[in-house]
Every structure is written in C-alpha cells, then in structure tokens.
$ cat query-v9.cif   # mmCIF, C-alpha atoms
data_upload
loop_
_atom_site.label_atom_id
_atom_site.label_comp_id
_atom_site.auth_asym_id
_atom_site.auth_seq_id
_atom_site.Cartn_x
_atom_site.Cartn_y
_atom_site.Cartn_z
CA MET A 1 10.22 -27.42 17.98
CA ASN A 2 10.85 -27.86 14.27
CA VAL A 3 11.55 -25.19 11.70
CA SER A 4 10.64 -25.67 8.06
CA GLU A 5 13.23 -25.69 5.29
CA HIS A 6 11.71 -22.50 3.99
CA ASP A 7 12.84 -20.78 7.18
CA ALA A 8 16.36 -22.13 7.07
CA GLY A 9 19.01 -19.50 6.67
CA ARG A 10 16.69 -16.64 7.58
CA PRO A 11 18.24 -13.72 9.46
CA ALA A 12 18.15 -13.76 13.24
CA HIS A 13 15.58 -11.65 15.06
CA ARG A 14 17.92 -8.68 15.37
CA GLY A 15 18.81 -8.86 11.68
CA SER A 16 15.15 -9.11 10.74
CA THR A 17 14.31 -6.08 12.87
CA TRP A 18 17.04 -4.06 11.17
CA ALA A 19 15.87 -5.21 7.74
CA LEU A 20 12.24 -4.29 8.37
CA THR A 21 13.25 -0.90 9.83
CA ILE A 22 15.20 -0.07 6.67
CA LEU A 23 12.34 -1.18 4.43
CA THR A 24 9.79 0.78 6.49
CA LEU A 25 11.93 3.89 6.05
CA CYS A 26 12.09 3.25 2.32
CA ALA A 27 8.31 2.86 2.10
CA PHE A 28 7.87 6.03 4.15
CA THR A 29 10.16 7.92 1.76
CA LEU A 30 8.40 6.69 -1.37
CA GLY A 31 4.96 7.26 0.15
CA THR A 32 5.84 10.80 1.21
CA GLY A 33 7.25 11.47 -2.25
CA GLU A 34 3.93 10.47 -3.77
CA ILE A 35 1.50 12.42 -1.56
CA MET A 36 3.53 15.46 -0.44
CA ILE A 37 2.49 17.41 -3.52
CA ALA A 38 -0.99 17.85 -1.98
CA GLY A 39 0.45 20.19 0.65
CA ILE A 40 2.46 22.39 -1.73
CA LEU A 41 0.22 22.45 -4.79
CA PRO A 42 -0.73 26.18 -4.75
CA ASP A 43 2.89 27.34 -4.43
CA LEU A 44 4.03 24.83 -7.03
CA ALA A 45 1.34 26.00 -9.47
CA ALA A 46 2.37 29.63 -8.96
CA ALA A 47 6.06 28.84 -9.52
CA ALA A 48 5.32 26.85 -12.68
CA ASP A 49 2.86 29.52 -13.87
CA VAL A 50 -0.01 27.07 -14.39
CA SER A 51 -3.52 26.85 -12.98
CA LEU A 52 -4.24 24.86 -9.84
CA SER A 53 -6.20 22.30 -11.85
CA THR A 54 -3.32 21.87 -14.28
CA ALA A 55 -0.85 21.41 -11.43
CA GLY A 56 -3.21 18.82 -9.99
CA LEU A 57 -2.62 16.70 -13.08
CA LEU A 58 0.76 15.83 -11.54
CA VAL A 59 -1.14 13.67 -9.04
CA SER A 60 -3.12 11.90 -11.77
CA MET A 61 -0.03 11.32 -13.91
CA PHE A 62 1.83 9.83 -10.96
CA ALA A 63 -1.00 7.37 -10.26
CA LEU A 64 -1.43 6.48 -13.94
CA THR A 65 2.30 5.82 -14.27
CA VAL A 66 2.15 3.44 -11.28
CA VAL A 67 -0.86 1.60 -12.75
CA VAL A 68 0.65 1.13 -16.22
CA GLY A 69 4.39 1.38 -15.66
CA GLY A 70 4.74 -1.14 -12.83
CA PRO A 71 3.64 -4.27 -14.73
CA VAL A 72 5.60 -3.20 -17.82
CA LEU A 73 8.78 -2.80 -15.76
CA ALA A 74 8.21 -6.11 -13.99
CA LEU A 75 7.94 -7.92 -17.33
CA THR A 76 10.98 -6.24 -18.86
CA THR A 77 13.28 -6.80 -15.88
CA THR A 78 12.61 -10.48 -15.19
CA THR A 79 16.27 -11.45 -15.65
CA ALA A 80 17.71 -8.63 -13.54
CA ARG A 81 19.25 -9.44 -10.18
CA ARG A 82 17.18 -7.90 -7.38
CA SER A 83 19.95 -5.84 -5.76
CA ARG A 84 21.06 -4.41 -9.11
CA LEU A 85 17.50 -3.58 -10.15
CA MET A 86 16.79 -1.87 -6.82
CA GLY A 87 19.94 0.22 -7.20
CA VAL A 88 18.85 1.45 -10.64
CA LEU A 89 15.30 2.17 -9.49
CA LEU A 90 16.37 4.03 -6.34
CA SER A 91 18.73 6.15 -8.46
CA LEU A 92 15.86 6.90 -10.85
CA PHE A 93 13.62 7.91 -7.93
CA VAL A 94 16.30 10.20 -6.50
CA LEU A 95 17.01 11.82 -9.88
CA GLY A 96 13.33 12.28 -10.73
CA THR A 97 12.53 13.83 -7.35
CA ALA A 98 15.61 16.07 -7.47
CA LEU A 99 14.69 17.18 -10.99
CA SER A 100 11.27 18.34 -9.74
CA ALA A 101 13.01 20.32 -6.98
CA LEU A 102 15.42 22.09 -9.33
CA THR A 103 13.06 23.28 -12.07
CA SER A 104 10.23 25.76 -12.49
CA SER A 105 9.21 24.32 -15.85
CA PHE A 106 5.98 22.37 -15.62
CA ALA A 107 7.05 20.09 -18.49
CA VAL A 108 10.36 19.25 -16.81
CA MET A 109 8.60 18.84 -13.47
CA THR A 110 6.17 16.41 -15.10
CA THR A 111 9.10 14.42 -16.47
CA GLY A 112 10.60 14.22 -12.98
CA ARG A 113 7.33 13.06 -11.45
CA ILE A 114 6.84 10.37 -14.10
CA ALA A 115 10.39 9.11 -13.52
CA ALA A 116 9.82 8.99 -9.75
CA ALA A 117 6.45 7.26 -10.22
CA LEU A 118 7.98 4.66 -12.53
CA ALA A 119 10.61 3.85 -9.90
CA HIS A 120 7.95 3.84 -7.15
CA SER A 121 5.76 1.37 -9.07
CA ALA A 122 8.53 -1.24 -9.24
CA LEU A 123 10.22 -0.57 -5.89
CA MET A 124 7.28 -1.15 -3.56
CA PRO A 125 6.68 -4.75 -4.76
CA LEU A 126 10.41 -5.39 -4.40
CA PHE A 127 10.32 -4.02 -0.84
CA PHE A 128 7.40 -6.31 0.06
CA GLY A 129 9.15 -9.31 -1.46
CA LEU A 130 12.41 -8.50 0.31
CA ALA A 131 10.57 -8.16 3.63
CA ALA A 132 8.93 -11.57 3.13
CA ASP A 133 12.30 -13.15 2.33
CA ALA A 134 13.94 -11.60 5.42
CA VAL A 135 11.67 -13.39 7.92
CA PRO A 136 10.32 -16.91 8.52
CA ALA A 137 7.20 -17.81 6.54
CA HIS A 138 4.87 -17.59 9.56
CA LYS A 139 5.95 -13.97 10.11
CA ARG A 140 5.16 -12.76 6.60
CA GLY A 141 2.02 -10.90 7.67
CA THR A 142 3.88 -8.87 10.28
CA ALA A 143 6.76 -8.19 7.87
CA VAL A 144 4.43 -6.94 5.12
CA ALA A 145 2.54 -4.86 7.69
CA ARG A 146 5.80 -3.24 8.82
CA VAL A 147 6.58 -2.15 5.27
CA SER A 148 2.97 -0.98 4.78
CA LEU A 149 3.37 1.00 8.02
CA GLY A 150 5.81 3.24 6.16
CA LEU A 151 3.02 4.22 3.76
CA SER A 152 0.58 5.06 6.56
CA LEU A 153 3.30 7.03 8.36
CA ALA A 154 3.81 8.98 5.15
CA MET A 155 0.22 10.19 5.45
CA LEU A 156 0.40 10.65 9.21
CA VAL A 157 3.84 12.30 9.46
CA GLY A 158 5.35 12.79 6.01
CA LEU A 159 2.57 14.91 4.52
CA PRO A 160 2.36 17.46 7.40
CA ILE A 161 6.18 17.71 7.63
CA GLY A 162 6.44 18.19 3.87
CA THR A 163 3.73 20.85 3.97
CA ALA A 164 5.49 22.63 6.84
CA LEU A 165 8.82 22.56 4.96
CA GLY A 166 7.09 24.02 1.93
CA GLN A 167 5.59 26.83 4.03
CA TRP A 168 8.75 27.62 6.01
CA LEU A 169 11.32 27.33 3.25
CA SER A 170 10.06 26.75 -0.29
CA TRP A 171 7.93 24.31 -2.24
CA ARG A 172 11.26 22.87 -3.46
CA ALA A 173 12.29 21.82 0.07
CA PRO A 174 10.02 18.75 0.38
CA PHE A 175 11.29 17.40 -2.95
CA ALA A 176 14.89 17.93 -1.84
CA ALA A 177 14.27 16.29 1.55
CA VAL A 178 12.68 13.19 -0.03
CA ALA A 179 15.51 12.89 -2.56
CA LEU A 180 18.10 13.05 0.24
CA LEU A 181 16.22 10.49 2.34
CA ALA A 182 16.05 8.09 -0.62
CA LEU A 183 19.75 8.60 -1.31
CA ALA A 184 20.63 7.90 2.34
CA ALA A 185 18.55 4.70 2.34
CA THR A 186 20.06 3.36 -0.89
CA GLY A 187 23.24 1.94 0.66
CA PRO A 188 21.58 0.04 3.53
CA VAL A 189 18.76 -1.38 1.38
CA LEU A 190 21.18 -2.61 -1.29
CA THR A 191 23.31 -4.27 1.38
CA LEU A 192 20.17 -5.95 2.70
CA ALA A 193 19.14 -7.10 -0.79
CA LYS A 194 22.56 -8.67 -1.39
CA ARG A 195 22.53 -10.51 1.95
CA THR A 196 18.95 -11.82 1.71
CA PRO A 197 18.37 -14.82 -0.59
CA ALA A 198 15.43 -14.28 -2.91
CA ALA A 199 12.61 -16.79 -3.26
CA GLU A 200 12.31 -15.72 -6.89
CA GLU A 201 15.73 -15.49 -8.50
CA PRO A 202 16.30 -14.19 -12.05
CA GLY A 203 15.12 -16.76 -14.52
CA ALA A 204 12.75 -18.47 -12.07
CA ALA A 205 9.99 -18.11 -14.64
CA ALA A 206 10.76 -19.82 -17.92
CA ASN A 207 9.78 -16.80 -19.96
CA ARG A 208 7.55 -13.74 -19.95
CA THR A 209 4.59 -15.80 -21.12
CA ALA A 210 5.00 -18.03 -18.08
CA GLU A 211 5.06 -14.95 -15.85
CA ILE A 212 1.91 -13.53 -17.39
CA ARG A 213 0.24 -16.92 -16.95
CA VAL A 214 0.26 -16.46 -13.18
CA LEU A 215 -2.17 -13.55 -13.63
CA ALA A 216 -4.70 -15.96 -15.12
CA GLU A 217 -4.90 -17.96 -11.89
CA ARG A 218 -8.18 -17.58 -10.03
CA ARG A 219 -6.57 -16.95 -6.63
CA VAL A 220 -4.37 -14.17 -8.01
CA GLN A 221 -7.32 -12.58 -9.80
CA ALA A 222 -9.39 -12.75 -6.61
CA VAL A 223 -6.71 -10.85 -4.67
CA VAL A 224 -6.55 -8.19 -7.38
CA VAL A 225 -10.35 -7.80 -7.36
CA VAL A 226 -10.52 -7.53 -3.56
CA THR A 227 -7.66 -5.01 -3.53
CA THR A 228 -9.30 -2.83 -6.18
CA LEU A 229 -12.73 -2.95 -4.54
CA THR A 230 -11.48 -2.15 -1.03
CA ALA A 231 -9.41 0.79 -2.28
CA ALA A 232 -12.41 2.03 -4.28
CA ALA A 233 -14.66 1.65 -1.23
CA ALA A 234 -12.31 3.61 1.01
CA PHE A 235 -11.57 6.41 -1.43
CA THR A 236 -15.17 6.92 -2.48
CA ALA A 237 -15.52 8.54 0.95
CA TYR A 238 -11.94 9.58 1.77
CA THR A 239 -11.38 11.60 -1.41
CA TYR A 240 -14.14 13.95 -0.23
CA ILE A 241 -13.61 13.53 3.50
CA THR A 242 -13.02 17.25 4.15
CA PRO A 243 -16.34 18.49 2.69
CA LEU A 244 -18.06 15.47 4.28
CA LEU A 245 -16.80 16.35 7.75
CA THR A 246 -17.42 20.08 7.39
CA GLY A 247 -20.64 20.07 5.38
CA ALA A 248 -22.40 16.95 6.67
CA VAL A 249 -21.01 16.42 10.17
CA GLY A 250 -20.44 20.10 10.99
CA PHE A 251 -16.77 20.27 11.99
CA THR A 252 -14.66 23.38 11.41
CA PRO A 253 -11.69 23.27 8.99
CA SER A 254 -9.27 23.30 11.93
CA GLY A 255 -11.21 20.42 13.48
CA VAL A 256 -10.89 18.45 10.24
CA THR A 257 -7.09 18.70 10.46
CA ILE A 258 -7.20 16.97 13.84
CA LEU A 259 -9.66 14.37 12.56
CA LEU A 260 -7.42 13.52 9.61
CA LEU A 261 -4.60 13.01 12.09
CA LEU A 262 -6.93 10.68 14.02
CA PHE A 263 -7.69 8.80 10.80
CA GLY A 264 -3.96 8.35 10.26
CA ILE A 265 -3.49 7.08 13.82
CA GLY A 266 -6.32 4.62 13.23
CA GLY A 267 -4.56 3.50 10.05
CA THR A 268 -1.32 2.88 11.96
CA VAL A 269 -3.13 0.83 14.63
CA GLY A 270 -5.09 -1.10 12.00
CA ASN A 271 -1.98 -1.82 9.97
CA LEU A 272 -0.15 -3.38 12.92
CA LEU A 273 -3.22 -5.31 14.10
CA GLY A 274 -3.88 -6.52 10.55
CA GLY A 275 -0.33 -7.86 10.36
CA LYS A 276 -0.76 -9.83 13.59
CA LEU A 277 -4.08 -11.30 12.43
CA THR A 278 -2.58 -12.15 9.05
CA ASP A 279 0.13 -14.20 10.75
CA ARG A 280 -2.64 -16.40 12.17
CA SER A 281 -4.73 -16.79 9.02
CA VAL A 282 -4.43 -14.71 5.87
CA THR A 283 -7.93 -15.19 4.50
CA ARG A 284 -9.63 -14.87 7.89
CA ALA A 285 -7.76 -11.61 8.51
CA ALA A 286 -8.84 -10.32 5.10
CA CYS A 287 -12.48 -11.21 5.85
CA LEU A 288 -12.41 -9.44 9.21
CA ALA A 289 -10.71 -6.33 7.81
CA VAL A 290 -13.03 -5.98 4.80
CA ALA A 291 -16.09 -6.58 7.01
CA ALA A 292 -14.85 -3.90 9.41
CA LEU A 293 -14.34 -1.53 6.47
CA ALA A 294 -17.90 -2.07 5.23
CA GLY A 295 -19.33 -1.74 8.73
CA SER A 296 -17.39 1.41 9.62
CA LEU A 297 -18.43 3.18 6.41
CA LEU A 298 -22.11 2.29 6.78
CA LEU A 299 -22.09 3.22 10.49
CA LEU A 300 -20.32 6.50 9.67
CA ARG A 301 -23.32 7.39 7.53
CA ALA A 302 -25.76 6.27 10.22
CA THR A 303 -24.09 8.41 12.90
CA VAL A 304 -23.16 11.42 10.78
CA THR A 305 -25.35 13.73 12.87
CA VAL A 306 -23.79 12.58 16.17
CA LYS A 307 -20.28 14.00 16.30
CA PRO A 308 -18.71 11.70 18.92
CA LEU A 309 -19.94 8.58 17.12
CA ALA A 310 -18.89 9.97 13.74
CA VAL A 311 -15.38 10.50 15.13
CA LEU A 312 -15.32 6.92 16.46
CA PHE A 313 -16.31 5.40 13.13
CA LEU A 314 -13.90 7.66 11.25
CA PHE A 315 -11.11 6.20 13.40
CA LEU A 316 -12.39 2.66 12.75
CA PHE A 317 -12.63 3.46 9.03
CA GLY A 318 -8.91 4.29 8.97
CA ALA A 319 -8.02 1.23 11.07
CA ALA A 320 -10.09 -1.15 8.92
CA TYR A 321 -8.75 0.05 5.58
CA TYR A 322 -5.11 -0.16 6.63
CA ALA A 323 -5.73 -3.60 8.17
CA VAL A 324 -6.75 -4.82 4.71
CA ILE A 325 -3.36 -3.96 3.18
CA PRO A 326 -1.09 -6.52 4.93
CA ALA A 327 -3.75 -9.22 4.47
CA VAL A 328 -4.14 -8.82 0.70
CA ASN A 329 -0.42 -8.30 0.09
CA THR A 330 0.49 -11.40 2.10
CA ARG A 331 -2.21 -13.37 0.30
CA MET A 332 -0.64 -12.35 -3.01
CA LEU A 333 2.79 -13.41 -1.75
CA ASN A 334 1.33 -16.82 -0.89
CA VAL A 335 -0.66 -17.56 -4.03
CA ALA A 336 2.04 -16.27 -6.40
CA SER A 337 5.03 -17.60 -4.42
CA ARG A 338 7.94 -18.67 -6.62
CA ARG A 339 5.89 -18.00 -9.77
CA ALA A 340 6.34 -14.44 -10.96
CA ARG A 341 5.86 -13.06 -7.45
CA THR A 342 7.30 -9.65 -8.37
CA LEU A 343 4.95 -9.27 -11.32
CA ALA A 344 1.97 -10.28 -9.17
CA LEU A 345 2.88 -7.78 -6.45
CA THR A 346 3.36 -5.09 -9.09
CA VAL A 347 -0.12 -5.75 -10.46
CA GLN A 348 -1.29 -5.59 -6.84
CA SER A 349 0.18 -2.09 -6.53
CA SER A 350 -1.57 -1.13 -9.76
CA ALA A 351 -4.82 -2.49 -8.33
CA PHE A 352 -4.52 -0.21 -5.29
CA ASN A 353 -4.00 2.84 -7.49
CA LEU A 354 -6.78 1.79 -9.86
CA GLY A 355 -9.12 1.44 -6.89
CA ILE A 356 -8.12 4.87 -5.59
CA ALA A 357 -8.90 6.41 -8.97
CA ALA A 358 -12.18 4.48 -9.25
CA GLY A 359 -13.21 5.56 -5.75
CA GLY A 360 -12.53 9.20 -6.53
CA TRP A 361 -14.57 8.88 -9.73
CA ALA A 362 -17.46 7.13 -7.94
CA GLY A 363 -17.59 9.76 -5.22
CA GLY A 364 -17.48 12.53 -7.79
CA ALA A 365 -20.29 10.89 -9.76
CA VAL A 366 -22.44 10.73 -6.60
CA ILE A 367 -21.88 14.42 -5.93
CA ALA A 368 -22.37 15.42 -9.57
CA GLY A 369 -25.67 13.56 -9.55
CA GLY A 370 -26.93 15.92 -6.86
CA ALA A 371 -26.84 13.45 -3.98
CA ASP A 372 -26.09 14.53 -0.44
CA LEU A 373 -22.51 14.14 0.78
CA ARG A 374 -23.80 11.68 3.37
CA ARG A 375 -24.39 9.20 0.54
CA LEU A 376 -20.64 8.79 0.01
CA PRO A 377 -20.02 6.42 2.97
CA VAL A 378 -23.06 4.39 1.88
CA VAL A 379 -21.70 3.91 -1.64
CA GLY A 380 -18.27 3.09 -0.25
CA GLY A 381 -19.80 0.64 2.22
CA LEU A 382 -21.72 -1.17 -0.51
CA ILE A 383 -18.56 -1.52 -2.60
CA ALA A 384 -16.84 -2.98 0.48
CA VAL A 385 -19.72 -5.46 0.89
CA LEU A 386 -19.07 -6.62 -2.68
CA ALA A 387 -15.39 -7.08 -1.79
CA LEU A 388 -16.45 -9.05 1.29
CA VAL A 389 -18.40 -11.51 -0.87
CA VAL A 390 -15.27 -12.22 -2.93
CA VAL A 391 -12.90 -12.51 0.01
CA TYR A 392 -15.30 -14.72 1.98
CA ALA A 393 -15.50 -17.09 -0.99
CA GLU A 394 -11.70 -17.25 -0.97
CA HIS A 395 -11.72 -17.95 2.76
CA ARG A 396 -14.14 -20.84 2.27
CA ALA A 397 -11.96 -22.22 -0.52
CA SER A 398 -8.91 -21.92 1.73
CA ARG A 399 -10.71 -23.77 4.52
CA ARG A 400 -11.42 -26.62 2.08
CA GLY A 401 -7.72 -26.82 1.31
CA GLU A 402 -8.09 -25.58 -2.28
CA ALA A 403 -5.90 -22.49 -1.88
CA ILE A 404 -2.11 -22.36 -1.64
CA GLY A 405 -2.49 -20.00 1.31
CA ASP A 406 -3.52 -23.00 3.44
CA THR A 407 -0.52 -25.11 2.61
CA GLU A 408 1.98 -22.31 2.82
CA GLN A 409 0.75 -20.41 5.82
CA ASP A 410 -2.63 -21.25 7.29
CA ALA A 411 -2.07 -24.99 7.59
CA PRO A 412 1.28 -24.70 9.41
CA ARG A 413 -0.32 -22.36 11.90
CA ARG A 414 -3.09 -24.84 12.59
CA SER A 415 -0.71 -27.80 12.80
CA ASP A 416 1.50 -26.07 15.33
CA ALA A 417 -0.65 -23.42 16.89
CA THR A 418 1.30 -23.32 20.11
CA SER A 419 4.78 -22.85 18.74
CA GLY A 420 3.84 -20.71 15.77
CA VAL A 421 6.30 -22.32 13.37
CA SER A 422 5.98 -24.85 10.60
CA ALA A 423 6.38 -28.44 11.63
#
$ encode --input "query-v9.cif" --output "structure tokens"
Amino acid sequence: MNVSEHDAGRPAHRGSTWALTILTLCAFTLGTGEIMIAGILPDLAAAADVSLSTAGLLVSMFALTVVVGGPVLALTTTTARRSRLMGVLLSLFVLGTALSALTSSFAVMTTGRIAAALAHSALMPLFFGLAADAVPAHKRGTAVARVSLGLSLAMLVGLPIGTALGQWLSWRAPFAAVALLALAATGPVLTLAKRTPAAEEPGAAANRTAEIRVLAERRVQAVVVVTTLTAAAAFTAYTYITPLLTGAVGFTPSGVTILLLLFGIGGTVGNLLGGKLTDRSVTRAACLAVAALAGSLLLLRATVTVKPLAVLFLFLFGAAYYAVIPAVNTRMLNVASRRARTLALTVQSSAFNLGIAAGGWAGGAVIAGGADLRRLPVVGGLIAVLALVVVYAEHRASRRGEAIGDTEQDAPRRSDATSGVSA
C-alpha cells in the first residue's frame, strides 16, 4: 500500500483526532458566539435601552462584517505566519466578545460585535485549512465535516445553553462563557498550528494580484455560486420556519422547539454523512446533497398538511443542507489548493453569509407579496434546483478530467478504491 508524498509527515491517527477535536471546539465556540444573540435579544435590548428591531441590527452587522471583512483581511495578511495570525485573531475575538459582555452601551456593544465578527470571518477559513493539513488528502472531506460539525453543534447545543444562561443569570453570561471558551482553546490551537505544516505558507502567492486571480477561475467561481445558492435556498424557508410550522403545519410553539432540535439533529447526521461521501467523490457528494436539499424542500411543501411527513422532510431538510457544507468546502480546498487557498475559503465563508441574507430577503419578499407561507419551501426548492444545475455541470467536468478535484482527490480514490489512499 503506497502513500502519496502529499500525505508524508501527516500526524498519526491519534494526533489527527486530537487536532480535529480542538478545531471542532473552536468552530463550536465561534458559531455559538455568532448565533447566541438570538436567545438573549429582548434582555439585551432592554439593557441597552434600544428597540428590539434596533438590537436586531447586531445580527445584520455581524453577517455584513463577515461578508466584507473576511476577504479584506485575507488579502492584507498574506505574508503573516498562520500560527501568529490565528493568535491575533483569537485575541481579537475574545476581546470583542468580552467587550459586549461588559457594557450596556449599544455603540460599544456594536464595536465589540464587529470586532468579533471580523475575527470570525478570518478564523473559520484558517480552521478549515488547518484541518485539511492535519490529515491525509483522502480524508479531507471527513476533516472539513468535523470542523463544520462544530457549527451545527452551535445551533443544536450552543444556542439553547446560551439562552438558558441568559435566563438564569444575565444576558451578559453567554458572552462571558464564549469569551472564556475561546481563551481556553487559544493555547491548544496555536500549538496545533505550529506543529502542522501548512500547504500555503506565507509568500506562496507572488503578490495580492496573484491571489485575487484565483477568484477568476471558473471552478472557484462555480463553488462560490453553489454555496450562495444552497444557503439562499435553505434560509428562504428556515428564516421563517417558526411561523411556517405553526401557521401552515399547525404545530404549537412548544412543539416547534422540539422540531428545531430535530432539525439540528438532522444537520449533525447530514454533516457527518456528507463528510464520508465527500471522501469518496467531492463533486458526486455535492450533487447528492444539493439534490436532497431541493427534494426535501419541495416535498416539505407537498406534505405540509400531513404532520408526520412534514416532520420527516424537515429532518431531511436539515440533513441535506448540512451535508452540502463539507462537500463545497472540500471542493474549494481542492480547486484553490496551494494558490491563495485562505483567500478562497474566506470568500467561501462570505458566500455562505451572502446566501443566508439573500434567503432571508427572498422569503420576506414572498411573504410581503401576500403569498401563503407554504410557498417558502417551493421558492427555496427552486433555488436549490438552480444550484443543482451548476454543481452537476461541475461533476460532469470532473468526470471528464477537466477539474483539479479529480487529480487531487477523486482520481486517487478511483485508482485505489480498496485501500483508500493515493497510489
């Protein structure tokens, strides 16, 4: 059994497990820091003496900072060593989150959230890249899925725990807890970054123009388009999932809480399954996940009057969307490998947030136009169908050997399907 040069020097299985555990914890911490505000918004608004709608702008500003700030940071830190950059960004995240916990001024709180969002926008691509470098090439999909799992666990576990802390203690408690978690993870993750050789060292790109050039490549653009469309498809329905389940399906508010937990469990299952499928073939996994997303949304609309079936397709909706994430992130790692990978992954993160915002806008436009809530899954499903057209075209190109994903991951799997390593 042969192992490729790319895999030489990779950590042993135990070391890889430890590395991915640390990175999953980091992703969980950052993800919880982003979404926890949803559970404490009324108390936060009262403490800052602003309206609920004004306090809600903290969510929009966080997302906008990720969309714009991530690529800017990636371009301005091209020469920074990864471990040093991660140390600065983690410190910024801790300080920004702690600042929000210590103030009652909305302006100061906004400053803290923007600082935390700026750090978040650059850290997540670094975490994905570090995970990919910590494992053999044929395990990239699973590694990326493990880091993505931290984000789904943030929704499944982090949000309810943060909300409970806010109710039991104070709205400041969730901010303090996230800041402490990030501080505790800083030492281990910096040790990991120093011990793991990077595929893209400082100065790998000749200059910033060369880095930007990678964004003009068709394969990179296709990943960004698919990422944006799938996020928009999912959040066209998910943004308004509570009124959809109560008003259209007929569940009680307490029942919705359980269903959202079920959605999160589906996301966790889908994330892990998506990682396994991605290890076999990146583009095929993306096709299957996007097709499942489109199907689950359209079938959710078709079965909205039959509660058991609606619950089933809600679970599949969560599983399908979170199965997309490791596939598209691994695809980006493959097509941008060794050529401004960090910038490409940062743009990928921006694409997710742009899709989330676009989905929320599309769903709101459907409702504002007087359409029934049951139209939301249909609109989301049609957007997912559009994404499927793009990703299927990429899969066909990959099968013809035109995409780097074949030579870097898919082809080795086919050439040594039994051993699972590159020949």
$ closest_residue --input "query-v9.cif" --among "A:Leu259, A:Ser350, A:Leu300, A:Phe235" --to "Gly363 in chain A" --atoms "all atoms listed in the file"
A:Phe235
$ resolve_selection --input "query-v9.cif" --expression "the PyMOL selection byres ((chain A and resi 394) around 8)" --output "PyMOL selection string"
chain A and resi 219+222+283+390-393+395-398+403
$ resolve_selection --input "query-v9.cif" --expression "the PyMOL selection byres ((chain A and resi 24) around 10)" --output "PyMOL selection string"
chain A and resi 18-23+25-30+127-128+131+143-151+153
$ axis_aligned_box --input "query-v9.cif" --around "range 124-141 of chain A" --padding-each-side "4 Å" --output "lines of an AutoDock Vina configuration file"
center_x = 8.0
center_y = -9.5
center_z = 2.7
size_x = 19.9
size_y = 24.7
size_z = 22.9
$ closest_residue --input "query-v9.cif" --among "A:Ile35, A:Ala80, A:Val324, A:Ile161" --to "Ala117 in chain A" --atoms "all atoms listed in the file"
A:Ile35
$ resolve_selection --input "query-v9.cif" --expression "the PyMOL selection byres ((chain A and resi 102) around 12)" --output "VMD selection string"
chain A and resid 44 47 to 48 95 to 101 103 to 106 108 to 109 112 170 to 176 179
$ closest_residue --input "query-v9.cif" --among "A:Leu181, A:Val68, A:Thr163, A:Ala154" --to "Leu90 in chain A" --atoms "only C-alpha atoms"
A:Leu181
$ residues_around --input "query-v9.cif" --residues "Leu316 in chain A" --least-positions-apart "5" --cutoff "9 Å" --atoms "only C-alpha atoms" --output "ChimeraX atom specification"
/A:263,266-267,270,292-293,296-297,311,321
$ write_last_selection --input "query-v9.cif" --atoms "C-alpha atoms" --output "PDB file, in the coordinates of the input"
ATOM      1  CA  PHE A 263      -7.690   8.800  10.800  1.00  0.00           C
ATOM      2  CA  GLY A 266      -6.320   4.620  13.230  1.00  0.00           C
ATOM      3  CA  GLY A 267      -4.560   3.500  10.050  1.00  0.00           C
ATOM      4  CA  GLY A 270      -5.090  -1.100  12.000  1.00  0.00           C
ATOM      5  CA  ALA A 292     -14.850  -3.900   9.410  1.00  0.00           C
ATOM      6  CA  LEU A 293     -14.340  -1.530   6.470  1.00  0.00           C
ATOM      7  CA  SER A 296     -17.390   1.410   9.620  1.00  0.00           C
ATOM      8  CA  LEU A 297     -18.430   3.180   6.410  1.00  0.00           C
ATOM      9  CA  VAL A 311     -15.380  10.500  15.130  1.00  0.00           C
ATOM     10  CA  TYR A 321      -8.750   0.050   5.580  1.00  0.00           C
TER      11      TYR A 321
END
$ closest_residue --input "query-v9.cif" --among "A:Ala107, A:Pro243, A:Leu343, A:Leu75" --to "Asp49 in chain A" --atoms "all atoms listed in the file"
A:Ala107
$ closest_residue --input "query-v9.cif" --among "A:Ile114, A:Ala344, A:Met86, A:Arg81" --to "Met61 in chain A" --atoms "all atoms listed in the file"
A:Ile114
$ closest_residue --input "query-v9.cif" --among "A:Ala237, A:Val135, A:Leu156, A:Val290" --to "Val366 in chain A" --atoms "only C-alpha atoms"
A:Ala237
$ residues_near_point --input "query-v9.cif" --point "(-0.8, -8.6, 11.0)" --cutoff "12 Å" --atoms "only C-alpha atoms" --output "short mmCIF file (atom, residue, chain, number, x, y, z; two decimals) with C-alpha atoms, in the coordinates of the input"
data_model
loop_
_atom_site.label_atom_id
_atom_site.label_comp_id
_atom_site.auth_asym_id
_atom_site.auth_seq_id
_atom_site.Cartn_x
_atom_site.Cartn_y
_atom_site.Cartn_z
CA HIS A 138 4.87 -17.59 9.56
CA LYS A 139 5.95 -13.97 10.11
CA ARG A 140 5.16 -12.76 6.60
CA GLY A 141 2.02 -10.90 7.67
CA THR A 142 3.88 -8.87 10.28
CA ALA A 143 6.76 -8.19 7.87
CA VAL A 144 4.43 -6.94 5.12
CA ALA A 145 2.54 -4.86 7.69
CA ARG A 146 5.80 -3.24 8.82
CA VAL A 147 6.58 -2.15 5.27
CA SER A 148 2.97 -0.98 4.78
CA LEU A 149 3.37 1.00 8.02
CA THR A 268 -1.32 2.88 11.96
CA VAL A 269 -3.13 0.83 14.63
CA GLY A 270 -5.09 -1.10 12.00
CA ASN A 271 -1.98 -1.82 9.97
CA LEU A 272 -0.15 -3.38 12.92
CA LEU A 273 -3.22 -5.31 14.10
CA GLY A 274 -3.88 -6.52 10.55
CA GLY A 275 -0.33 -7.86 10.36
CA LYS A 276 -0.76 -9.83 13.59
CA LEU A 277 -4.08 -11.30 12.43
CA THR A 278 -2.58 -12.15 9.05
CA ASP A 279 0.13 -14.20 10.75
CA ARG A 280 -2.64 -16.40 12.17
CA SER A 281 -4.73 -16.79 9.02
CA VAL A 282 -4.43 -14.71 5.87
CA THR A 283 -7.93 -15.19 4.50
CA ARG A 284 -9.63 -14.87 7.89
CA ALA A 285 -7.76 -11.61 8.51
CA ALA A 286 -8.84 -10.32 5.10
CA LEU A 288 -12.41 -9.44 9.21
CA ALA A 289 -10.71 -6.33 7.81
CA TYR A 322 -5.11 -0.16 6.63
CA ALA A 323 -5.73 -3.60 8.17
CA VAL A 324 -6.75 -4.82 4.71
CA ILE A 325 -3.36 -3.96 3.18
CA PRO A 326 -1.09 -6.52 4.93
CA ALA A 327 -3.75 -9.22 4.47
CA VAL A 328 -4.14 -8.82 0.70
CA ASN A 329 -0.42 -8.30 0.09
CA THR A 330 0.49 -11.40 2.10
CA ARG A 331 -2.21 -13.37 0.30
#
